[in-house]
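Inspection log for the structure reproduced underneath, given as structure tokens.
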Number of protein chains: 2
Amino acid sequence: MCVVTLGLVTDIELRHLAAMAAVAEEGTFGRAAARLGYTQSTISQQIAALERAVGGQVFDRPGGPRPVRLTPLGSVVLGQGRDLLARAEALADAVDRFKAGDGRIDIGTFQSVSNVILPSVVRRLRDEHPGCDIRLSEEEPDQPRIGDLDLLFYDGRVDDDVEHLKLLDDPYLLVARAGTFPDGPVPLERLDGAPMVAWPLTCSQPWMEQAVTRGGARPRIVFRTAVNDTLLSMVRAGLGSAVLPWLAVRGAGVPSDGGLSVHELRPSLPPREIYLHWRAGRTRSPLARRAIDIAAEVAAGLAPPSAGA
Amino acid sequence: MCVVTLGLVTDIELRHLAAMAAVAEEGTFGRAAARLGYTQSTISQQIAALERAVGGQVFDRPGGPRPVRLTPLGSVVLGQGRDLLARAEALADAVDRFKAGDGRIDIGTFQSVSNVILPSVVRRLRDEHPGCDIRLSEEEPDQPRIGDLDLLFYDGRVDDDVEHLKLLDDPYLLVARAGTFPDGPVPLERLDGAPMVAWPLTCSQPWMEQAVTRGGARPRIVFRTAVNDTLLSMVRAGLGSAVLPWLAVRGAGVPSDGGLSVHELRPSLPPREIYLHWRAGRTRSPLARRAIDIAAEVAAGLAPPSAGA
DNA sequence: GCGGCTACATCGTGAAAAGCGATGATTTCC
DNA sequence: GGAAATCATCGCTTTTCACGATGTAGCCGC
């Protein structure tokens, strides 16, 4: 009984709705055409196409110089159509904001980076893009996974399909209770049999401890914890010394701490390497690209930890 | 510095967003094409067009048998795009509902019609279209105006550009306190000098009173009110008689009222004519068309008020 | 390493549509 | 009745659409 309307949603075109809105506001096809930069006949055809799509007239054309008027169907279409156009505008805005650098970014991190590098990166990122949505996660399973992260800080390489940027070499330092060792560098073999506190065997910790062993020292690990403050309290209390990367030492503000002394090791251990990773072969958001740049700058701006000295 | 994106909102096409959504769900262009009834190359071009419109890739194509994946930009576009598609669907639904007869209808009316005809019309309309939005207005300025009304009941013609349908002839009857007149028709001249209560001089009231006068009777109007119940109470109380149209009498349930008697007049006055009006030259909604039909049926179904007898 | 497989991109083609300018039809106003 | 205004329609050109066929790139198994 009704005319068979194929009525596929996608038969509606935003262009036609925009034309309709212009006509409704201007009152005539001609003025709407002028506003939109079309000719009158084009508007006429666009409205005709829209009317074909919705299956009925949306304007009454009284003829003569009187303005056209919405039909009841036209009111329905225009009401919903304006909404649709507003959403389309919102889409375009969201795209523009995205391209300007707003949007969401998911970053994986770990303790030292969280303490020392990330705060500066986050601050600069938020200063540049107040609307951005930065999410950090510090979950650190045994093997780091990029998963859905945009960026991942990690002290080592990740095997996945990943690109990386080396941010800095982070040399290992010996932290001891003041007075335990004389000022200045400490020979590595002095750690043989010495009581030590240390991080759990995650990240590059096993690798570091092997390096110590290869250097001829077999320290006694008497306590492991991932919490730096606890670790340093134990050092301060005399439970043992600790070999920590410079970032961790600096993060805890140790150099100015009276109860502790910091020493280089001789020979020095190979430094921990801090990398920034992201998935290879995937388009990165402007925000992620900017974050990579900023992270590199922040890392470069850290006082060079007497690298390789 | 950025590529100049013309970025007109209307460059985005719903078809392309639908293609994008299908690709995102299916994982490959080919399956999306199959779902939508296109070929793979068409989908490829649609996505390319969308990417041109938003100014960047929305999918990473890893190559080989691995599924494509949304880029960050793609997430933004798809997120907003799904919303847009949902709105488009809502538009199509609204149009369908409108065509099925739902929607809004504004009806102007007046007392007698409100009492006798409209309740049936409204009931049937709501039974047929439970979702419809019926609005009545009984404001009755001296000259009735269609204004933004879809339908207007009025006991007379409206001068505007209006089409009309005569619903019924509504004969005038004399309502008196029981015992005032003997049963049966009453000669018109018996009203000469008789105390009468009456409606205010709106609608067809002046026209009716002139007809009485032309018939040779000069009644004394001792009270005017638009409220039928008050009017009939006054008749019952003996203040005077009333000449009322059949619809008004019937609406008040008078025939079964012991205190009142109803008489035809001889000669009978020309009946009040009840019209239904709507603006000429304007497309009417399915709901309005149905309402017109129903009103005509309801009017025809009223017991013929001893028409012209 | 080398086809085979799968998947997206691209090319050429014919059909459809968009947009334009000119013309026609209809109504209002003078 | 004629001038003016307005939308519809008609050719026409240019662009776009969709298709099928072909090109190209990354995986996989042998």
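The way I read the labels, and the way they are meant: chains A, B, ... in the order of the structure tokens, residue 1 as the first residue of every chain, and ligand 1 as the first ligand shown, with later ones counted on from there.
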
Rows by chain and residue number, chain A within 8 Å of chain B, shortest pair, only C-alpha atoms, as a Markdown table:
| residue | atom | partner | partner_atom | distance |
| --- | --- | --- | --- | --- |
| A:Gly7 | CA | B:Ala92 | CA | 7.2 |
| A:Val9 | CA | B:Glu89 | CA | 5.8 |
| A:Thr10 | CA | B:Arg15 | CA | 5.1 |
| A:Asp11 | CA | B:Arg15 | CA | 7.8 |
| A:Ile12 | CA | B:Leu14 | CA | 7.6 |
| A:Glu13 | CA | B:Glu13 | CA | 6.5 |
| A:Leu14 | CA | B:Thr10 | CA | 5.5 |
| A:Arg15 | CA | B:Thr10 | CA | 5.1 |
| A:Ala18 | CA | B:Thr10 | CA | 7.7 |
| A:Val54 | CA | B:Val95 | CA | 6.9 |
| A:Gln57 | CA | B:Thr283 | CA | 8.0 |
| A:Asp60 | CA | B:Arg282 | CA | 6.0 |
| A:Pro62 | CA | B:Gly281 | CA | 7.1 |
| A:Thr71 | CA | B:Thr283 | CA | 5.8 |
| A:Pro72 | CA | B:Ser285 | CA | 5.7 |
| A:Leu73 | CA | B:Ser285 | CA | 6.9 |
| A:Val76 | CA | B:Val95 | CA | 6.8 |
| A:Val77 | CA | B:Leu91 | CA | 6.7 |
| A:Gln80 | CA | B:Leu91 | CA | 5.5 |
| A:Gly81 | CA | B:Leu91 | CA | 7.1 |
| A:Asp83 | CA | B:Arg87 | CA | 7.6 |
| A:Leu84 | CA | B:Arg87 | CA | 6.0 |
| A:Leu85 | CA | B:Val9 | CA | 7.9 |
| A:Arg87 | CA | B:Leu84 | CA | 6.0 |
| A:Ala88 | CA | B:Val9 | CA | 6.1 |
| A:Glu89 | CA | B:Val9 | CA | 5.8 |
| A:Ala90 | CA | B:Gln80 | CA | 7.7 |
| A:Leu91 | CA | B:Gln80 | CA | 5.5 |
| A:Ala92 | CA | B:Val9 | CA | 6.3 |
| A:Ala94 | CA | B:Val76 | CA | 7.0 |
| A:Val95 | CA | B:Val76 | CA | 6.8 |
| A:Phe98 | CA | B:Leu73 | CA | 7.1 |
| A:Gly281 | CA | B:Pro62 | CA | 7.1 |
| A:Arg282 | CA | B:Asp60 | CA | 6.1 |
| A:Thr283 | CA | B:Thr71 | CA | 5.8 |
| A:Arg284 | CA | B:Pro72 | CA | 6.8 |
| A:Ser285 | CA | B:Pro72 | CA | 5.7 |

Find the residues of chain A that sit at most 10 Å from chain D; for each, write down the nearest two atoms and how far apart they are in Å, to one decimal. Count only C-alpha atoms (C1' of nucleotides). Sort by chain, then by number going up, and give it as CSV.
residue,atom,partner,partner_atom,distance
A:Thr28,CA,D:DT6,C1',7.9
A:Phe29,CA,D:DC7,C1',7.7
A:Gly30,CA,D:DT6,C1',8.2
A:Gln40,CA,D:DC7,C1',8.6
A:Ser41,CA,D:DA8,C1',8.3
A:Ser44,CA,D:DC7,C1',7.3
A:Gln45,CA,D:DA8,C1',9.1
A:Arg61,CA,D:DC7,C1',7.4
A:Pro62,CA,D:DT6,C1',9.1
A:Gly63,CA,D:DT6,C1',6.1
A:Gly64,CA,D:DT6,C1',5.1
A:Pro65,CA,D:DA5,C1',4.8
A:Arg66,CA,D:DT6,C1',7.8
A:Pro67,CA,D:DT6,C1',8.5
A:Val68,CA,D:DT6,C1',9.4

Determine which residues of range 99-262 of chain B receive a DSSP assignment of strand (DSSP E), computed from the backbone, and state them as a ChimeraX atom specification.
-> /B:104-108,133-137,151-154,162-170,172-177,186-187,195-198,220-224,242-245,260-262

Would you write out those residues with C-alpha atoms, as a compact mmCIF listing (two decimals), in the first residue's frame?
# COMPACT_ATOMS: atom_id res chain seq x y z
CA ARG B 104 2.31 14.96 16.39
CA ILE B 105 -1.01 16.52 15.51
CA ASP B 106 -2.36 19.87 16.72
CA ILE B 107 -6.10 20.23 16.72
CA GLY B 108 -8.14 23.32 17.50
CA ASP B 133 1.17 12.92 20.11
CA ILE B 134 -2.24 14.56 20.03
CA ARG B 135 -2.51 18.15 21.20
CA LEU B 136 -5.80 19.96 21.55
CA SER B 137 -6.34 23.66 22.07
CA LEU B 151 -6.89 20.67 12.05
CA LEU B 152 -9.49 23.13 13.32
CA PHE B 153 -13.07 22.39 14.27
CA TYR B 154 -15.31 25.43 13.97
CA VAL B 162 -8.41 26.84 4.09
CA GLU B 163 -9.97 23.66 2.91
CA HIS B 164 -12.90 22.35 4.87
CA LEU B 165 -15.22 19.45 5.32
CA LYS B 166 -18.74 19.85 6.63
CA LEU B 167 -19.12 17.33 9.40
CA LEU B 168 -22.77 17.80 10.28
CA ASP B 169 -25.75 20.11 10.52
CA ASP B 170 -26.43 20.81 14.12
CA TYR B 172 -30.99 24.42 17.28
CA LEU B 173 -33.37 23.21 19.97
CA LEU B 174 -35.22 24.98 22.71
CA VAL B 175 -34.34 23.86 26.23
CA ALA B 176 -36.73 24.96 28.93
CA ARG B 177 -37.62 24.21 32.52
CA VAL B 186 -42.83 25.28 20.14
CA PRO B 187 -43.71 28.16 17.78
CA PRO B 195 -36.45 35.45 29.34
CA MET B 196 -33.55 33.56 27.84
CA VAL B 197 -30.08 32.46 28.88
CA ALA B 198 -27.51 32.14 26.12
CA ARG B 220 -34.77 39.03 26.53
CA ILE B 221 -31.28 37.65 27.16
CA VAL B 222 -30.93 37.73 30.91
CA PHE B 223 -27.68 35.83 31.28
CA ARG B 224 -24.77 34.83 29.11
CA ALA B 242 -32.16 28.53 26.10
CA VAL B 243 -31.80 27.91 22.40
CA LEU B 244 -28.89 25.53 22.02
CA PRO B 245 -27.55 23.37 19.27
CA LEU B 260 -35.69 20.05 31.69
CA SER B 261 -37.68 19.65 28.51
CA VAL B 262 -36.38 19.87 24.96

As a PyMOL selection string, list the residues of range 77-290 of chain A assigned to alpha helix (DSSP H) by DSSP on the backbone atoms of this structure.
-> chain A and resi 77-100+111-116+118-128+205-214+228-237+246-251+286-290

Between CA of Val113 in chain B and CA of Ile146 in chain B, distance in Å (one decimal) = 16.2 Å

Shell of 10 Å around Leu231 in chain A, only C-alpha atoms (C1' of nucleotides), local chain residues under 2 positions omitted, as a list of chain:residue names |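 So, after excluding close chain neighbours, the residues are A:Met196, A:Val197, A:Ala198, A:Trp199, A:Phe223, A:Arg224, A:Thr225, A:Ala226, A:Val227, A:Asn228, A:Asp229, A:Ser233, A:Met234, A:Val235, A:Arg236, A:Ala237, A:Leu239, A:Gly240, A:Ser241, A:Ala242.
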
CA of Arg250 in chain B and CA of Gln111 in chain B are how many Å apart?
->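 Taking CA of Arg250 in chain B and CA of Gln111 in chain B, their separation equals 12.3 Å.
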
In Å to one decimal, how far is CA of Ile117 in chain B from CA of Asp183 in chain B?
->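 Distance between the two atoms: 28.6 Å.
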
Would you write out, as JSON lines, a table of all residues in chain C that have an atom no more than 10 Å from an atom of chain A, listing for each the closest atom pair and the distance in Å to one decimal, considering only C-alpha atoms (C1' of nucleotides) and ordering rows by chain and rising residue number?
{"residue": "C:DA18", "atom": "C1'", "partner": "A:Thr42", "partner_atom": "CA", "distance": 8.1}
{"residue": "C:DG19", "atom": "C1'", "partner": "A:Thr42", "partner_atom": "CA", "distance": 6.1}
{"residue": "C:DC20", "atom": "C1'", "partner": "A:Thr39", "partner_atom": "CA", "distance": 7.3}
{"residue": "C:DG21", "atom": "C1'", "partner": "A:Ser41", "partner_atom": "CA", "distance": 9.2}
{"residue": "C:DA25", "atom": "C1'", "partner": "A:Gly63", "partner_atom": "CA", "distance": 9.8}
{"residue": "C:DT26", "atom": "C1'", "partner": "A:Gly63", "partner_atom": "CA", "distance": 6.0}
{"residue": "C:DT27", "atom": "C1'", "partner": "A:Gly64", "partner_atom": "CA", "distance": 4.0}
{"residue": "C:DT28", "atom": "C1'", "partner": "A:Gly64", "partner_atom": "CA", "distance": 5.7}
{"residue": "C:DC29", "atom": "C1'", "partner": "A:Pro65", "partner_atom": "CA", "distance": 9.4}

With C-alpha atoms (C1' of nucleotides) retained, write the just-selected residues as a CSV table (one decimal), in the first residue's frame.
chain,number,residue,atom,x,y,z
C,18,DA,C1',26.4,16.0,-9.6
C,19,DG,C1',26.4,20.4,-10.9
C,20,DC,C1',25.6,24.1,-14.2
C,21,DG,C1',23.1,27.3,-17.3
C,25,DA,C1',5.6,26.6,-15.5
C,26,DT,C1',3.2,28.8,-11.8
C,27,DT,C1',1.9,32.2,-8.6
C,28,DT,C1',1.8,37.0,-6.7
C,29,DC,C1',1.7,41.8,-7.0
